[in-house]
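Chemist: The file below is data.cif, mmCIF, C-alpha atoms:
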data_coords
#
loop_
_atom_site.label_atom_id
_atom_site.label_comp_id
_atom_site.auth_asym_id
_atom_site.auth_seq_id
_atom_site.Cartn_x
_atom_site.Cartn_y
_atom_site.Cartn_z
CA MET A 298 133.81 120.30 95.49
CA LYS A 299 135.76 117.56 97.24
CA ALA A 300 138.55 120.05 97.86
CA ALA A 301 136.15 122.51 99.51
CA VAL A 302 134.82 119.80 101.82
CA ALA A 303 138.35 118.62 102.59
CA ARG A 304 139.40 122.16 103.54
CA CYS A 305 136.47 122.49 105.91
CA ALA A 306 137.28 119.12 107.46
CA ALA A 307 140.97 119.95 107.88
CA GLN A 308 140.95 123.65 108.72
CA GLY A 309 137.43 124.33 109.89
CA CYS A 310 134.75 126.48 108.25
CA THR A 311 131.75 128.37 109.43
CA PRO A 312 128.72 126.06 109.70
CA GLU A 313 127.17 127.84 106.72
CA LYS A 314 130.21 127.30 104.47
CA ASP A 315 130.71 123.74 105.65
CA ALA A 316 127.07 122.86 104.98
CA ALA A 317 127.12 124.54 101.55
CA ALA A 318 130.24 122.61 100.51
CA ALA A 319 128.89 119.28 101.78
CA LEU A 320 125.51 119.82 100.12
CA ALA A 321 127.11 120.65 96.77
CA LEU A 322 129.30 117.55 96.89
CA SER A 323 126.52 115.23 98.05
CA HIS A 324 124.22 116.50 95.28
CA ALA A 325 126.91 115.79 92.69
CA GLN A 326 127.49 112.33 94.15
CA PHE A 327 123.75 111.65 94.10
CA LEU A 328 123.51 112.62 90.44
CA MET A 329 126.38 110.25 89.63
CA GLY A 330 124.58 107.44 91.45
CA GLU A 331 127.07 107.36 94.31
CA TYR A 332 124.43 107.21 97.02
CA GLU A 333 126.60 105.72 99.74
CA ALA A 334 129.31 108.31 99.10
CA ALA A 335 126.72 111.09 99.28
CA ARG A 336 125.46 109.66 102.54
CA ARG A 337 128.97 109.54 104.01
CA THR A 338 129.57 113.14 102.93
CA LEU A 339 126.46 114.29 104.78
CA TRP A 340 127.11 112.14 107.85
CA ALA A 341 130.62 113.59 108.17
CA ALA A 342 129.35 117.16 107.85
CA LEU A 343 126.65 116.51 110.43
CA ASP A 344 129.25 115.12 112.80
CA ARG A 345 131.58 118.11 112.29
CA ASN A 346 128.81 120.60 113.00
CA LYS A 347 126.99 118.74 115.76
CA ALA A 348 128.37 120.93 118.54
CA SER A 349 127.19 124.14 116.87
CA ALA A 350 123.81 122.86 115.66
CA ARG A 351 121.77 124.81 118.21
CA GLN A 352 123.67 128.04 117.49
CA HIS A 353 123.39 127.53 113.71
CA PRO A 354 120.23 125.45 113.25
CA LEU A 355 119.40 126.29 109.63
CA PRO A 356 122.56 124.92 107.93
CA TYR A 357 122.41 121.84 110.16
CA ALA A 358 118.75 121.33 109.24
CA ALA A 359 119.64 121.63 105.55
CA LEU A 360 122.14 118.78 105.97
CA LEU A 361 119.49 116.67 107.69
CA ARG A 362 116.98 117.33 104.89
CA ALA A 363 119.50 116.25 102.26
CA ARG A 364 120.30 113.14 104.27
CA VAL A 365 116.61 112.21 104.41
CA LYS A 366 116.45 112.28 100.61
CA ILE A 367 119.55 110.10 100.22
CA ASP A 368 118.35 107.68 102.91
CA SER A 369 115.05 107.20 101.08
CA HIS A 370 116.78 106.37 97.80
CA LEU A 371 118.81 103.75 99.67
CA GLY A 372 115.78 102.16 101.32
CA GLU A 373 116.97 103.45 104.71
CA TYR A 374 113.48 104.52 105.70
CA GLU A 375 114.02 104.34 109.45
CA ASP A 376 117.05 106.62 109.11
CA ALA A 377 115.02 108.96 106.90
CA ARG A 378 112.35 109.14 109.57
CA SER A 379 114.85 109.70 112.38
CA GLY A 380 116.53 112.46 110.37
CA SER A 381 113.19 114.20 109.87
CA ILE A 382 112.45 113.93 113.59
CA ARG A 383 115.86 115.39 114.47
CA GLN A 384 115.31 118.29 112.09
CA MET A 385 111.84 119.01 113.46
CA ILE A 386 113.02 118.94 117.09
CA LEU A 387 116.06 121.10 116.36
CA LEU A 388 114.08 123.82 114.61
CA ARG A 389 111.21 123.61 117.09
CA ASP A 390 113.59 124.14 120.02
CA THR A 391 115.82 126.82 118.50
CA LEU A 392 113.44 128.97 116.45
CA LEU A 393 110.23 130.76 117.24
CA ALA A 394 107.12 128.59 117.18
CA LYS A 395 105.77 130.63 114.26
CA ASP A 396 108.97 130.41 112.22
CA HIS A 397 108.43 129.21 108.65
CA ASN A 398 111.31 126.72 108.78
CA ALA A 399 110.10 125.16 112.02
CA ILE A 400 106.59 124.58 110.66
CA ALA A 401 107.90 123.33 107.30
CA ALA A 402 110.03 120.75 109.14
CA ARG A 403 106.85 119.31 110.66
CA VAL A 404 105.38 118.99 107.18
CA GLN A 405 108.45 117.10 105.98
CA LEU A 406 108.18 114.70 108.91
CA ALA A 407 104.55 114.09 107.98
CA ASP A 408 105.66 113.45 104.39
CA VAL A 409 108.09 110.77 105.52
CA ASN A 410 105.52 109.10 107.78
CA ALA A 411 102.97 109.10 104.96
CA HIS A 412 105.56 107.57 102.64
CA ILE A 413 106.40 104.69 104.97
CA GLY A 414 102.77 103.89 105.73
CA GLN A 415 102.33 105.61 109.11
CA SER A 416 99.04 107.04 107.86
CA ARG A 417 97.34 108.06 111.10
CA LEU A 418 100.46 109.73 112.42
CA ALA A 419 101.04 111.52 109.12
CA GLU A 420 97.47 112.82 108.99
CA SER A 421 97.74 114.10 112.56
CA GLN A 422 101.02 115.86 111.77
CA TYR A 423 99.60 117.43 108.62
CA ARG A 424 96.65 118.78 110.61
CA GLU A 425 98.96 120.08 113.33
CA SER A 426 101.17 121.77 110.72
CA LEU A 427 98.13 123.38 109.10
CA ASN A 428 96.94 124.77 112.43
CA LEU A 429 100.40 126.16 113.17
CA ALA A 430 100.62 127.73 109.72
CA LEU A 431 97.20 129.35 110.14
CA ALA A 432 98.16 130.70 113.57
CA ALA A 433 101.43 132.07 112.19
CA GLY A 434 99.88 133.51 109.05
CA ASP A 435 102.29 131.39 106.99
CA VAL A 436 100.36 131.19 103.74
CA PRO A 437 102.93 129.15 101.71
CA VAL A 438 103.00 126.36 104.31
CA GLU A 439 99.23 126.54 104.71
CA ILE A 440 98.71 126.08 100.97
CA ALA A 441 101.29 123.29 100.72
CA THR A 442 99.72 121.44 103.64
CA ARG A 443 96.19 121.77 102.26
CA PHE A 444 97.32 120.24 98.97
CA ARG A 445 99.10 117.45 100.84
CA LEU A 446 95.98 116.62 102.83
CA ALA A 447 93.94 116.62 99.63
CA LYS A 448 96.38 114.15 98.09
CA PHE A 449 96.45 112.12 101.30
CA TRP A 450 92.65 111.75 101.26
CA THR A 451 92.48 110.91 97.54
CA PRO A 452 92.20 107.14 96.99
CA LYS A 453 94.90 105.70 94.77
CA GLY A 454 94.11 104.56 91.26
CA ASN A 455 91.63 105.85 88.71
CA GLY A 456 88.42 104.32 90.06
CA PRO A 457 85.36 106.04 91.55
CA VAL A 458 85.77 108.13 94.70
CA SER A 459 83.29 108.01 97.55
CA THR A 460 81.16 111.03 98.38
CA SER A 461 82.75 111.32 101.83
CA ASP A 462 86.29 111.40 100.40
CA ARG A 463 85.29 113.98 97.81
CA ARG A 464 83.70 116.09 100.54
CA LYS A 465 86.85 115.98 102.70
CA VAL A 466 89.04 117.04 99.79
CA ALA A 467 86.65 119.83 98.83
CA GLU A 468 86.51 121.17 102.39
CA ILE A 469 90.28 121.29 102.82
CA LEU A 470 90.74 123.09 99.48
CA GLU A 471 87.78 125.48 99.81
CA PRO A 472 89.80 128.31 101.48
CA ILE A 473 92.11 128.29 98.44
CA ILE A 474 89.30 128.14 95.89
CA THR A 475 87.28 130.95 97.48
CA ALA A 476 90.24 133.14 98.46
CA VAL A 477 90.30 136.79 97.47
CA ASP A 478 93.97 137.47 98.28
CA ASP A 479 96.47 137.08 95.45
CA GLU A 480 98.74 134.62 97.26
CA ARG A 481 96.05 131.98 97.68
CA ARG A 482 94.00 132.85 94.61
CA LYS A 483 96.79 131.91 92.19
CA TYR A 484 96.36 128.31 93.36
CA SER A 485 92.59 128.35 92.90
CA VAL A 486 92.56 126.65 89.49
CA PRO A 487 94.91 123.80 90.54
CA ALA A 488 92.73 123.24 93.62
CA ARG A 489 89.57 123.18 91.52
CA MET A 490 91.29 120.80 89.12
CA ILE A 491 91.87 118.30 91.93
CA ILE A 492 88.18 118.33 92.82
CA ALA A 493 87.24 118.05 89.15
CA ARG A 494 89.52 115.04 88.75
CA LEU A 495 87.70 113.29 91.60
CA ALA A 496 84.37 114.13 89.98
CA GLU A 497 85.63 112.74 86.66
CA ARG A 498 86.67 109.51 88.35
CA SER A 499 83.13 109.27 89.71
CA GLY A 500 81.45 109.69 86.33
CA ASN A 501 81.36 113.43 85.53
CA ALA A 502 83.22 113.37 82.22
CA ASP A 503 83.01 117.15 81.71
CA ALA A 504 84.27 118.23 85.15
CA ILE A 505 87.84 119.05 84.11
CA ASN A 506 86.78 120.80 80.89
CA ALA A 507 84.39 122.93 82.93
CA VAL A 508 87.24 124.13 85.14
CA LEU A 509 89.39 124.91 82.10
CA ARG A 510 86.56 126.86 80.45
CA ASP A 511 86.10 128.99 83.56
CA ALA A 512 89.80 129.50 84.28
CA PRO A 513 91.12 133.03 83.70
CA PRO A 514 93.35 133.30 80.61
CA GLY A 515 96.95 132.42 81.42
CA SER A 516 96.12 130.98 84.84
CA MET A 517 97.50 127.53 83.96
CA THR A 518 101.17 128.39 83.41
CA ALA A 519 102.57 125.08 84.67
CA PRO A 520 101.56 121.48 83.96
CA GLN A 521 99.34 119.84 86.57
CA LEU A 522 99.24 116.06 86.67
CA LEU A 523 95.71 114.68 86.44
CA SER A 524 96.16 110.93 86.13
CA PHE A 525 98.70 108.20 85.46
CA THR A 526 99.18 104.46 85.67
CA PRO A 527 101.64 103.72 88.49
CA VAL A 528 104.66 101.47 88.15
CA GLU A 529 103.92 98.12 89.75
CA PHE A 530 106.37 95.51 90.95
CA LYS A 531 105.62 92.13 92.45
CA GLY A 532 105.76 92.49 96.21
CA ARG A 533 107.74 89.27 96.65
CA SER A 534 109.27 86.50 94.59
CA ALA A 535 107.02 84.18 92.60
CA THR A 536 107.77 81.28 94.94
CA CYS A 537 106.66 83.25 97.99
CA GLN A 538 103.11 84.39 97.31
CA ASP A 539 101.64 84.00 100.78
CA GLU A 540 101.42 86.93 103.12
CA LEU A 541 104.17 87.56 105.63
CA GLU A 542 103.32 88.57 109.13
CA GLY A 543 105.87 90.58 111.05
CA LYS A 544 106.54 92.83 113.98
CA SER A 545 108.89 95.70 114.73
CA SER A 546 112.00 94.71 116.62
CA ALA A 547 113.59 96.79 119.35
CA ASN A 548 115.86 98.55 116.87
CA GLY A 549 112.90 99.62 114.75
CA TYR A 550 113.46 97.28 111.81
CA ARG A 551 110.82 94.88 110.65
CA THR A 552 111.45 91.31 111.77
CA VAL A 553 109.75 88.38 110.05
CA ASP A 554 107.99 86.56 112.87
CA LYS A 555 105.72 84.07 111.13
CA VAL A 556 106.29 82.77 107.63
CA ASN A 557 104.05 80.46 105.65
CA THR A 558 105.51 77.23 104.32
CA ALA A 559 106.22 78.58 100.84
CA CYS A 560 108.32 81.36 102.35
CA HIS A 561 110.61 79.41 104.68
CA ASP A 562 113.53 79.70 102.27
CA PRO A 563 115.29 82.99 103.19
CA ARG A 564 116.12 83.48 99.52
CA ASN A 565 112.43 84.18 98.95
CA LEU A 566 112.45 87.03 101.46
CA VAL A 567 115.61 88.88 100.47
CA SER A 568 115.93 90.99 97.34
CA PRO A 569 117.78 88.91 94.71
CA ILE A 570 119.48 91.97 93.17
CA ASP A 571 121.62 94.79 94.50
CA VAL A 572 118.90 97.41 94.74
CA ASP A 573 121.36 99.99 96.06
CA LYS A 574 122.73 100.44 92.55
CA GLN A 575 119.51 100.44 90.52
CA TRP A 576 118.74 103.89 89.13
CA ILE A 577 117.85 105.60 85.87
CA ASN A 578 117.42 109.16 84.61
CA VAL A 579 114.42 109.68 82.34
CA GLY A 580 113.87 112.73 80.16
CA PHE A 581 110.57 113.71 78.50
CA TRP A 582 108.54 116.64 77.21
CA ILE A 583 105.23 117.78 78.70
CA THR A 584 103.32 119.47 75.89
CA PRO A 585 100.93 122.43 76.31
CA GLU A 586 98.11 120.02 75.42
CA GLY A 587 98.94 117.96 78.51
CA THR A 588 100.46 114.94 76.80
CA VAL A 589 103.93 113.42 77.23
CA ARG A 590 106.27 112.81 74.31
CA ASP A 591 109.88 111.90 73.48
CA ILE A 592 110.45 109.74 76.55
CA GLU A 593 114.03 108.49 76.72
CA ILE A 594 116.34 106.85 79.21
CA LEU A 595 119.23 109.30 79.55
CA GLN A 596 121.36 107.32 81.99
CA ARG A 597 121.39 104.00 83.83
CA GLY A 598 123.29 103.01 86.92
CA SER A 599 126.42 100.99 86.24
CA ALA A 600 124.89 97.90 87.88
CA TYR A 601 121.44 98.24 86.31
CA VAL A 602 119.75 94.89 85.67
CA GLY A 603 116.35 93.81 84.37
CA ASP A 604 113.81 95.68 82.30
CA TRP A 605 112.10 97.76 84.97
CA SER A 606 112.99 100.95 83.08
CA LYS A 607 110.38 99.92 80.48
CA LYS A 608 107.72 99.95 83.20
CA VAL A 609 108.80 103.45 84.16
CA GLU A 610 108.61 104.60 80.54
CA ARG A 611 105.09 103.17 80.20
CA ALA A 612 104.01 104.86 83.43
CA ILE A 613 105.35 108.24 82.30
CA GLY A 614 103.71 107.78 78.91
CA SER A 615 100.35 107.22 80.62
CA ARG A 616 100.46 110.59 82.36
CA ARG A 617 97.75 113.09 81.59
CA TYR A 618 98.29 116.73 82.47
CA ALA A 619 95.84 119.61 82.33
CA PRO A 620 96.30 121.82 79.26
CA TRP A 621 98.56 124.75 80.12
CA ARG A 622 100.31 127.70 78.53
CA PRO A 623 104.13 127.93 78.74
CA GLN A 624 105.15 131.42 79.79
CA SER A 625 107.99 131.37 77.27
CA GLY A 626 105.68 130.30 74.45
CA GLY A 627 107.91 127.30 73.74
CA PRO A 628 107.04 123.68 72.91
CA GLY A 629 106.43 122.75 76.53
CA LEU A 630 108.46 121.72 79.55
CA TYR A 631 111.40 119.33 79.42
CA ARG A 632 111.69 117.34 82.62
CA ILE A 633 114.32 114.93 83.93
CA GLU A 634 113.45 112.53 86.72
CA ARG A 635 115.67 110.19 88.72
CA TYR A 636 114.15 106.81 89.57
CA SER A 637 115.83 104.62 92.17
CA MET A 638 114.60 101.08 92.64
CA THR A 639 115.10 100.14 96.26
CA ALA A 640 113.52 98.14 99.07
CA PRO A 641 113.13 98.58 102.82
CA TYR A 642 115.37 96.72 105.22
CA PHE A 643 114.26 93.96 107.58
CA VAL A 644 115.94 91.42 109.85
CA PRO A 645 115.08 87.79 108.99
CA THR A 646 114.25 85.47 111.87
CA GLY A 647 117.38 83.82 113.21
CA SER A 648 119.67 86.51 111.87
CA THR A 649 121.15 89.74 113.16
CA LEU A 650 121.94 91.10 109.70
CA ARG A 651 119.66 93.53 107.93
CA GLN A 652 118.62 92.64 104.41
CA HIS A 653 116.70 94.39 101.66
CA SER A 654 113.28 92.78 101.41
CA THR A 655 111.50 91.87 98.19
CA GLN A 656 109.00 94.72 98.77
CA THR A 657 110.37 96.76 95.89
CA THR A 658 109.70 100.50 95.85
CA LEU A 659 110.59 103.39 93.56
CA GLU A 660 111.96 106.67 94.82
CA ILE A 661 111.59 109.61 92.44
CA ALA A 662 113.40 112.95 92.35
CA ASP A 663 112.94 115.79 89.89
CA ILE A 664 116.50 116.66 88.86
CA THR A 665 115.58 119.01 86.01
CA ALA A 666 117.07 122.06 87.68
CA TRP A 667 120.04 120.32 89.31
#
Please render this file's structure as structure tokens.
Modeler:
Amino acid sequence: MKAAVARCAAQGCTPEKDAAAALALSHAQFLMGEYEAARRTLWAALDRNKASARQHPLPYAALLRARVKIDSHLGEYEDARSGSIRQMILLRDTLLAKDHNAIAARVQLADVNAHIGQSRLAESQYRESLNLALAAGDVPVEIATRFRLAKFWTPKGNGPVSTSDRRKVAEILEPIITAVDDERRKYSVPARMIIARLAERSGNADAINAVLRDAPPGSMTAPQLLSFTPVEFKGRSATCQDELEGKSSANGYRTVDKVNTACHDPRNLVSPIDVDKQWINVGFWITPEGTVRDIEILQRGSAYVGDWSKKVERAIGSRRYAPWRPQSGGPGLYRIERYSMTAPYFVPTGSTLRQHSTQTTLEIADITAW
């Protein structure tokens, strides 16, 4: 793979071949935990193909999408957001307004904004994407966006859900639940399951079983996650419990502007470990009954420290899926997930150097099929 990229760099390739070679190499580097190397591979390919991006927008957009994923696993959330914006603008300006790829790029940008806490902007972009998908007759993007909005409006945790939130989720999923066309109708049971889960959280213990009883035979052919206990990390070091107030600096990074007395020591603001090299691969089975078994850590990053993998194992073990029927008739689905422990960057007061904060986050990627 390195040889293919080197040939393109030295001799020149078509944008399609160059992008394919760079994507294959960066994926391999990602799987090996070489995030910075994967990022450099993608940056170099983007630079080589910059001049032809408008003539060949799809391979260039694929490079940007891959870069967004790598940036997120490195805690480079501002770069992830800028990459999503670049992709959206490129496809918007070079493809037809109703093109599937152009609308899907807007959805990805909304995903990134939702992930970094830009909630109002993300909701607006999801709604805009849904309207564009409806106008274009793009059913796959319409369905994906409806499910995203339903998730967006679902309060985190396992506690009761307000009537207004349940109503919003039900309204956005209703066109899927009541659809008569095959393309939407095959997602009817998963949509009903989401509403049933909200009802269960609010006290209706039989809501999910009612959906399963009414579901057509064989309609649940893939596991659908119903509930889980999330992985939780302390937001900051034990000696820095007070809230930090901050503002965005001109370069877009968060700058600590006012720090309570307990937090004056910069060591209490900066991540004490090298979060760039903290990753694990976890394998587990999802049974037809909806339980998880045989959880095991398959790989750890070479610089792994601490016991946070145990928290991940407990969180996976707490998952509850809806009962389903494997199409192959086997024992279930074996899944492998990559977990990267990272943290966003910020610039401490009095410094010009970016640092990883103590606001630890987990980035997750399903690498089963990679």
Chemist: Rank nothing, just name the residue among A:Met329, A:Ala399, A:Leu393, A:Ala334 nearest to Leu355 of chain A, using only C-alpha atoms.
Modeler: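 When distances to Leu355 of chain A are compared using only C-alpha atoms, the smallest one comes from A:Ala399.
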Chemist: Which residues are near Ala318 of chain A? Cut-off 10 Å, all atoms listed in the file, ignore same chain within fewer than 2 positions. Put them as a ChimeraX atom specification.
Modeler: /A:298-305,310,312-316,320-323,338,342
Chemist: Which neighbours of segment 629-632 of chain A fall inside 10 Å, counting only C-alpha atoms, when residues of the same chain fewer than 6 positions from it are skipped, and could you give them as an MDAnalysis selection string?
Modeler: chainID A and resid 519:520 579:592 621:623 663:666
Chemist: Calculate how many Å separate atom CA of His397 of chain A from atom CA of Ala430 of chain A, rounding to one decimal.
Modeler: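 Separation between atom CA of His397 of chain A and atom CA of Ala430 of chain A: 8.0 Å.
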Chemist: Can you work out which one of A:Ala619, A:Ala359, A:Leu343, A:Ile577 has the shortest atom-to-atom distance to Val602 of chain A, counting only C-alpha atoms?
Modeler: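 Once distances to Val602 of chain A are computed over only C-alpha atoms, the minimum belongs to A:Ile577.
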Chemist: Skip segment 499-504 of chain A itself and residues of its chain fewer than 4 positions away, then list as a PDB file with C-alpha atoms, in the frame of the given file all residues within 6 Å of it, counting only C-alpha atoms.
Modeler:
ATOM      1  CA  PRO A 457      85.360 106.040  91.550  1.00  0.00           C
ATOM      2  CA  VAL A 458      85.770 108.130  94.700  1.00  0.00           C
ATOM      3  CA  ALA A 493      87.240 118.050  89.150  1.00  0.00           C
TER       4      ALA A 493
END
Chemist: Residues within 9 Å of Ile613 of chain A, please, as a list in words. Count all atoms listed in the file; anything in the same chain fewer than 2 positions from it doesn't count.
Modeler: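 The neighbour list is Phe525, Thr526, Pro527, Val528, Phe581, Val589, Ile592, Lys608, Val609, Glu610, Arg611, Ser615 and Arg616 of chain A.
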Chemist: For C-alpha atoms, I'd like the residues from the last selection saved as a PDB file, in the coordinates of the input.
Modeler:
ATOM      1  CA  PHE A 525      98.700 108.200  85.460  1.00  0.00           C
ATOM      2  CA  THR A 526      99.180 104.460  85.670  1.00  0.00           C
ATOM      3  CA  PRO A 527     101.640 103.720  88.490  1.00  0.00           C
ATOM      4  CA  VAL A 528     104.660 101.470  88.150  1.00  0.00           C
ATOM      5  CA  PHE A 581     110.570 113.710  78.500  1.00  0.00           C
ATOM      6  CA  VAL A 589     103.930 113.420  77.230  1.00  0.00           C
ATOM      7  CA  ILE A 592     110.450 109.740  76.550  1.00  0.00           C
ATOM      8  CA  LYS A 608     107.720  99.950  83.200  1.00  0.00           C
ATOM      9  CA  VAL A 609     108.800 103.450  84.160  1.00  0.00           C
ATOM     10  CA  GLU A 610     108.610 104.600  80.540  1.00  0.00           C
ATOM     11  CA  ARG A 611     105.090 103.170  80.200  1.00  0.00           C
ATOM     12  CA  SER A 615     100.350 107.220  80.620  1.00  0.00           C
ATOM     13  CA  ARG A 616     100.460 110.590  82.360  1.00  0.00           C
TER      14      ARG A 616
END
Chemist: Given the file above and the PyMOL selection byres ((chain A and resi 398) around 12), which residues are selected, and can you give them as a ChimeraX atom specification?
Modeler: /A:354-356,358-359,362,384-397,399-405,426,429-430,433,435,437-438
Chemist: Pick from A:Val508, A:Leu431, A:Ile413, A:Ala447: nearest to Gly372 of chain A, with only C-alpha atoms counted?
Modeler: A:Ile413
Chemist: Identify which of the residues A:Ser381, A:Gln326, A:Gln308, A:Ser416 lies closest to Leu446 of chain A, counting only C-alpha atoms when measuring atom-to-atom distances.
Modeler: A:Ser416
Chemist: For atom CA of Ala407 of chain A and atom CA of Glu497 of chain A, quote the distance in Å rounded to one decimal.
Modeler: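 One can read the atom CA of Ala407 of chain A to atom CA of Glu497 of chain A distance as 28.5 Å.
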Chemist: Which residues match the PyMOL selection byres ((chain A and resi 365) around 8) in the file above, as a PyMOL selection string?
Modeler: chain A and resi 361-364+366-369+376-378+380-381
Chemist: Which of these residues is nearest to Arg510 of chain A, using all atoms listed in the file: A:Phe643, A:Gly309, A:Val486, A:Leu328?
Modeler: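 Answer, going by the shortest atom-to-atom distance: A:Val486.
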Chemist: Expand the PyMOL selection byres ((chain A and resi 661) around 7) into the individual residues it matches in the shown file, reporting them as a list in words.
Modeler: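 Output of the PyMOL selection byres ((chain A and resi 661) around 7): Glu634, Arg635, Tyr636, Ser637, Leu659, Glu660, Ala662 and Asp663 of chain A.
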Chemist: Keeping only C-alpha atoms, write those residues as an mmCIF file, in the frame of the given file.
Modeler:
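The file below, again-v1.cif, is the result:
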data_model
loop_
_atom_site.group_PDB
_atom_site.id
_atom_site.type_symbol
_atom_site.label_atom_id
_atom_site.label_comp_id
_atom_site.auth_asym_id
_atom_site.auth_seq_id
_atom_site.Cartn_x
_atom_site.Cartn_y
_atom_site.Cartn_z
ATOM 1 C CA GLU A 634 113.450 112.530 86.720
ATOM 2 C CA ARG A 635 115.670 110.190 88.720
ATOM 3 C CA TYR A 636 114.150 106.810 89.570
ATOM 4 C CA SER A 637 115.830 104.620 92.170
ATOM 5 C CA LEU A 659 110.590 103.390 93.560
ATOM 6 C CA GLU A 660 111.960 106.670 94.820
ATOM 7 C CA ALA A 662 113.400 112.950 92.350
ATOM 8 C CA ASP A 663 112.940 115.790 89.890
#
